[in-house]
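Notes follow once the structure below has been shown.
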Amino acid sequence: MIYKADLHIHSCLSPCASLDMSPLAIVTRAKEVGLNCVALTDHNSAGNCAAMGRLCGREGILFFPGLEVTTSEEAHIVCLFGTVGAALELGRMVYEALPHINNIPEKTGDQVFVNEEDEVEGFEERYLGMACGFSVDDLRERVAGLGGLFVAAHIDKPCFSVISQLGFLSGEFTAVELSRAGVMREEARKLAGDYAATTASDSHYIHTIGSAFVEFESDEAGIAGIESYKQALLERRVKLVAFDKAFRTAPGGGGGF
């Protein structure tokens, strides 16, 4: 089976994401644009992953629960797991390492917990858009202990990437992620070096879901699915696909390598 996977998507729990980004809306849009594998990666939290997982299960979409953690160096790392429980456990660790600063919705946006029926279940009061107390190395150790994938996010961007914050790529990453624009630029692709490369939409808005994704082949689903994806990355069997701009119909072109 060929999976078309967008593995960096934010829900309305992320303070910088649109309130339209409920788990139900994300899954509906994913189906519309032909995706059959997605990840939910909110900033420093996996709080909407359980609802997303139930929805994906209903629709036959392979789901990788996760979160995008901001390290103490202010580098973004996408952490992906095979189970919601593992993602929630990392979320618990990260939450404990976040500064105790309350969110101010009028300034930084709401942070909303939404169930699979599109019902609001509550609001996160602590601001999630901050650096936690874990360094890149600290976080790597915790993700490895939970059996997750450790992906350096949007390494070609001028802020909040491992390269922008540290000046170089160092240590073990399962893969490094190129932005949608980076996939189309040779100089950006070179930044990946010897690391396995991936891409994703990093969607904060419904219309950009699927504007960048990866394709990989696997006969596995569930927990085995993420291990199959990891193996495809290590063997360089993952195709990167990106579009010049966000699209509103099913993808049918774009550039890849």
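Order determines the names: the first chain of the structure tokens is A, the second B, and so forth; residues in each chain are numbered 1 upward, and ligands are numbered 1 upward as they are shown.
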
Where in region 65-110 of chain A does DSSP assign alpha helix (DSSP H), given as a ChimeraX atom specification? /A:84-96,105-108

Just the selected residues (N, CA and C atoms), exported as a PDB file, in the first residue's frame, please.
```
ATOM      1  N   VAL A  84      -1.077   6.682  21.165  1.00  0.00           N
ATOM      2  CA  VAL A  84      -1.466   7.926  21.826  1.00  0.00           C
ATOM      3  C   VAL A  84      -0.861   7.987  23.225  1.00  0.00           C
ATOM      4  N   GLY A  85      -0.801   6.841  23.899  1.00  0.00           N
ATOM      5  CA  GLY A  85      -0.256   6.813  25.254  1.00  0.00           C
ATOM      6  C   GLY A  85       1.168   7.319  25.327  1.00  0.00           C
ATOM      7  N   ALA A  86       2.002   6.932  24.357  1.00  0.00           N
ATOM      8  CA  ALA A  86       3.395   7.382  24.341  1.00  0.00           C
ATOM      9  C   ALA A  86       3.472   8.883  24.096  1.00  0.00           C
ATOM     10  N   ALA A  87       2.637   9.387  23.181  1.00  0.00           N
ATOM     11  CA  ALA A  87       2.625  10.821  22.913  1.00  0.00           C
ATOM     12  C   ALA A  87       2.178  11.592  24.146  1.00  0.00           C
ATOM     13  N   LEU A  88       1.157  11.100  24.832  1.00  0.00           N
ATOM     14  CA  LEU A  88       0.676  11.771  26.043  1.00  0.00           C
ATOM     15  C   LEU A  88       1.731  11.758  27.146  1.00  0.00           C
ATOM     16  N   GLU A  89       2.502  10.684  27.221  1.00  0.00           N
ATOM     17  CA  GLU A  89       3.551  10.620  28.246  1.00  0.00           C
ATOM     18  C   GLU A  89       4.636  11.654  27.981  1.00  0.00           C
ATOM     19  N   LEU A  90       5.058  11.794  26.715  1.00  0.00           N
ATOM     20  CA  LEU A  90       6.022  12.857  26.420  1.00  0.00           C
ATOM     21  C   LEU A  90       5.389  14.214  26.693  1.00  0.00           C
ATOM     22  N   GLY A  91       4.118  14.367  26.337  1.00  0.00           N
ATOM     23  CA  GLY A  91       3.434  15.618  26.614  1.00  0.00           C
ATOM     24  C   GLY A  91       3.435  15.958  28.094  1.00  0.00           C
ATOM     25  N   ARG A  92       3.261  14.957  28.937  1.00  0.00           N
ATOM     26  CA  ARG A  92       3.294  15.179  30.382  1.00  0.00           C
ATOM     27  C   ARG A  92       4.673  15.672  30.823  1.00  0.00           C
ATOM     28  N   MET A  93       5.735  15.037  30.310  1.00  0.00           N
ATOM     29  CA  MET A  93       7.096  15.450  30.659  1.00  0.00           C
ATOM     30  C   MET A  93       7.367  16.888  30.214  1.00  0.00           C
ATOM     31  N   VAL A  94       6.966  17.189  28.985  1.00  0.00           N
ATOM     32  CA  VAL A  94       7.209  18.526  28.446  1.00  0.00           C
ATOM     33  C   VAL A  94       6.424  19.577  29.231  1.00  0.00           C
ATOM     34  N   TYR A  95       5.179  19.254  29.568  1.00  0.00           N
ATOM     35  CA  TYR A  95       4.336  20.194  30.307  1.00  0.00           C
ATOM     36  C   TYR A  95       4.977  20.551  31.649  1.00  0.00           C
ATOM     37  N   GLU A  96       5.532  19.550  32.303  1.00  0.00           N
ATOM     38  CA  GLU A  96       6.193  19.796  33.593  1.00  0.00           C
ATOM     39  C   GLU A  96       7.432  20.669  33.439  1.00  0.00           C
ATOM     40  N   PRO A 105      -5.434  34.729  25.839  1.00  0.00           N
ATOM     41  CA  PRO A 105      -6.063  34.487  24.534  1.00  0.00           C
ATOM     42  C   PRO A 105      -6.157  35.722  23.651  1.00  0.00           C
ATOM     43  N   GLU A 106      -6.382  36.879  24.255  1.00  0.00           N
ATOM     44  CA  GLU A 106      -6.508  38.105  23.466  1.00  0.00           C
ATOM     45  C   GLU A 106      -5.219  38.456  22.741  1.00  0.00           C
ATOM     46  N   LYS A 107      -4.098  37.983  23.252  1.00  0.00           N
ATOM     47  CA  LYS A 107      -2.802  38.296  22.654  1.00  0.00           C
ATOM     48  C   LYS A 107      -2.216  37.126  21.869  1.00  0.00           C
ATOM     49  N   THR A 108      -2.367  35.930  22.389  1.00  0.00           N
ATOM     50  CA  THR A 108      -1.670  34.781  21.802  1.00  0.00           C
ATOM     51  C   THR A 108      -2.605  33.725  21.233  1.00  0.00           C
TER      52      THR A 108
END
```

Residues of region 82-240 of chain A in strand (DSSP E or B) according to DSSP, as a VMD selection string? chain A and resid 102 112 to 114 120 to 123 126 149 to 152 175 to 178 197 to 199 203 212 to 217 239 to 240

Interatomic distance between CA of Ala30 (chain A) and CA of Asp202 (chain A)? 13.3 Å

Could you pull the residues within 8 Å of Val38 (chain A), counting only C-alpha atoms, minus those fewer than 5 positions along the same chain, as a PyMOL selection string? chain A and resi 5-9+30+61-64

Give me the residues within 12 Å of Val136 (chain A) as number ranges by chain, counting only C-alpha atoms and dropping any in the same chain fewer than 6 places off. A: 69-79, 142-143, 150-153, 161-163, 165-166, 169-173

Expressed in Å to a single decimal, how great is the separation between CA of Arg140 (chain A) and CA of Leu67 (chain A)?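 One can read the CA of Arg140 (chain A) to CA of Leu67 (chain A) distance as 13.3 Å.
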
Here is a test: counting only C-alpha atoms, which residue of A:Glu116, A:Asp137, A:Glu215, A:Glu220 is nearest to Leu233 (chain A)?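 Nearest to Leu233 (chain A): A:Glu215.
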
Do a neighbour search on Leu149 (chain A) at 7 Å with only C-alpha atoms, toss out local chain neighbours closer than 4 positions, and write the hits as a ChimeraX atom specification. /A:79-81,174

Just the selected residues (C-alpha atoms), exported as a PDB file, in the first residue's frame, please.
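Wrote selection.pdb, looks like this:
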```pdb
ATOM      1  CA  CYS A  79       8.214  13.828  17.918  1.00  0.00           C
ATOM      2  CA  LEU A  80       6.055  11.023  16.486  1.00  0.00           C
ATOM      3  CA  PHE A  81       4.794   7.852  18.150  1.00  0.00           C
ATOM      4  CA  THR A 174      15.442   9.906  12.675  1.00  0.00           C
TER       5      THR A 174
END
```

For the atom pair CA of Ser203 (chain A) and CA of Asn102 (chain A), what is the interatomic distance in Å to one decimal place? 24.5 Å

Do a neighbour search on Arg189 (chain A) at 10 Å with only C-alpha atoms, toss out local chain neighbours closer than 4 positions, and write the hits as a PyMOL selection string. chain A and resi 155-156+177-179+182-185+193+197+257

Export of the given selection (N, CA and C atoms) as a JSON list (two decimals), in the first residue's frame:
```json
[["chain", "number", "residue", "atom", "x", "y", "z"],
["A", 155, "ILE", "N", 14.19, 22.52, 8.84],
["A", 155, "ILE", "CA", 15.58, 22.91, 9.06],
["A", 155, "ILE", "C", 16.02, 24.07, 8.16],
["A", 156, "ASP", "N", 15.27, 24.34, 7.09],
["A", 156, "ASP", "CA", 15.64, 25.42, 6.17],
["A", 156, "ASP", "C", 15.06, 26.76, 6.55],
["A", 177, "GLU", "N", 13.38, 17.54, 8.57],
["A", 177, "GLU", "CA", 12.23, 17.97, 7.77],
["A", 177, "GLU", "C", 12.57, 19.24, 7.01],
["A", 178, "LEU", "N", 12.24, 19.22, 5.72],
["A", 178, "LEU", "CA", 12.31, 20.42, 4.88],
["A", 178, "LEU", "C", 10.92, 21.03, 4.78],
["A", 179, "SER", "N", 10.86, 22.35, 4.76],
["A", 179, "SER", "CA", 9.58, 23.01, 4.57],
["A", 179, "SER", "C", 9.07, 22.76, 3.16],
["A", 182, "GLY", "N", 11.24, 24.56, 0.91],
["A", 182, "GLY", "CA", 12.59, 24.01, 0.89],
["A", 182, "GLY", "C", 12.75, 22.82, -0.03],
["A", 183, "VAL", "N", 11.68, 22.01, -0.16],
["A", 183, "VAL", "CA", 11.73, 20.86, -1.04],
["A", 183, "VAL", "C", 12.04, 21.29, -2.48],
["A", 184, "MET", "N", 11.63, 22.48, -2.84],
["A", 184, "MET", "CA", 11.79, 22.96, -4.22],
["A", 184, "MET", "C", 13.09, 23.72, -4.45],
["A", 185, "ARG", "N", 13.91, 23.87, -3.41],
["A", 185, "ARG", "CA", 15.15, 24.62, -3.55],
["A", 185, "ARG", "C", 16.34, 23.70, -3.31],
["A", 193, "GLY", "N", 22.08, 17.03, 4.23],
["A", 193, "GLY", "CA", 23.32, 16.28, 4.29],
["A", 193, "GLY", "C", 23.08, 14.79, 4.18],
["A", 197, "ALA", "N", 15.62, 12.64, 4.72],
["A", 197, "ALA", "CA", 14.82, 13.86, 4.60],
["A", 197, "ALA", "C", 13.34, 13.55, 4.53],
["A", 257, "PHE", "N", 11.16, 14.70, -4.87],
["A", 257, "PHE", "CA", 12.44, 14.03, -5.13],
["A", 257, "PHE", "C", 12.59, 12.87, -4.18]]
```
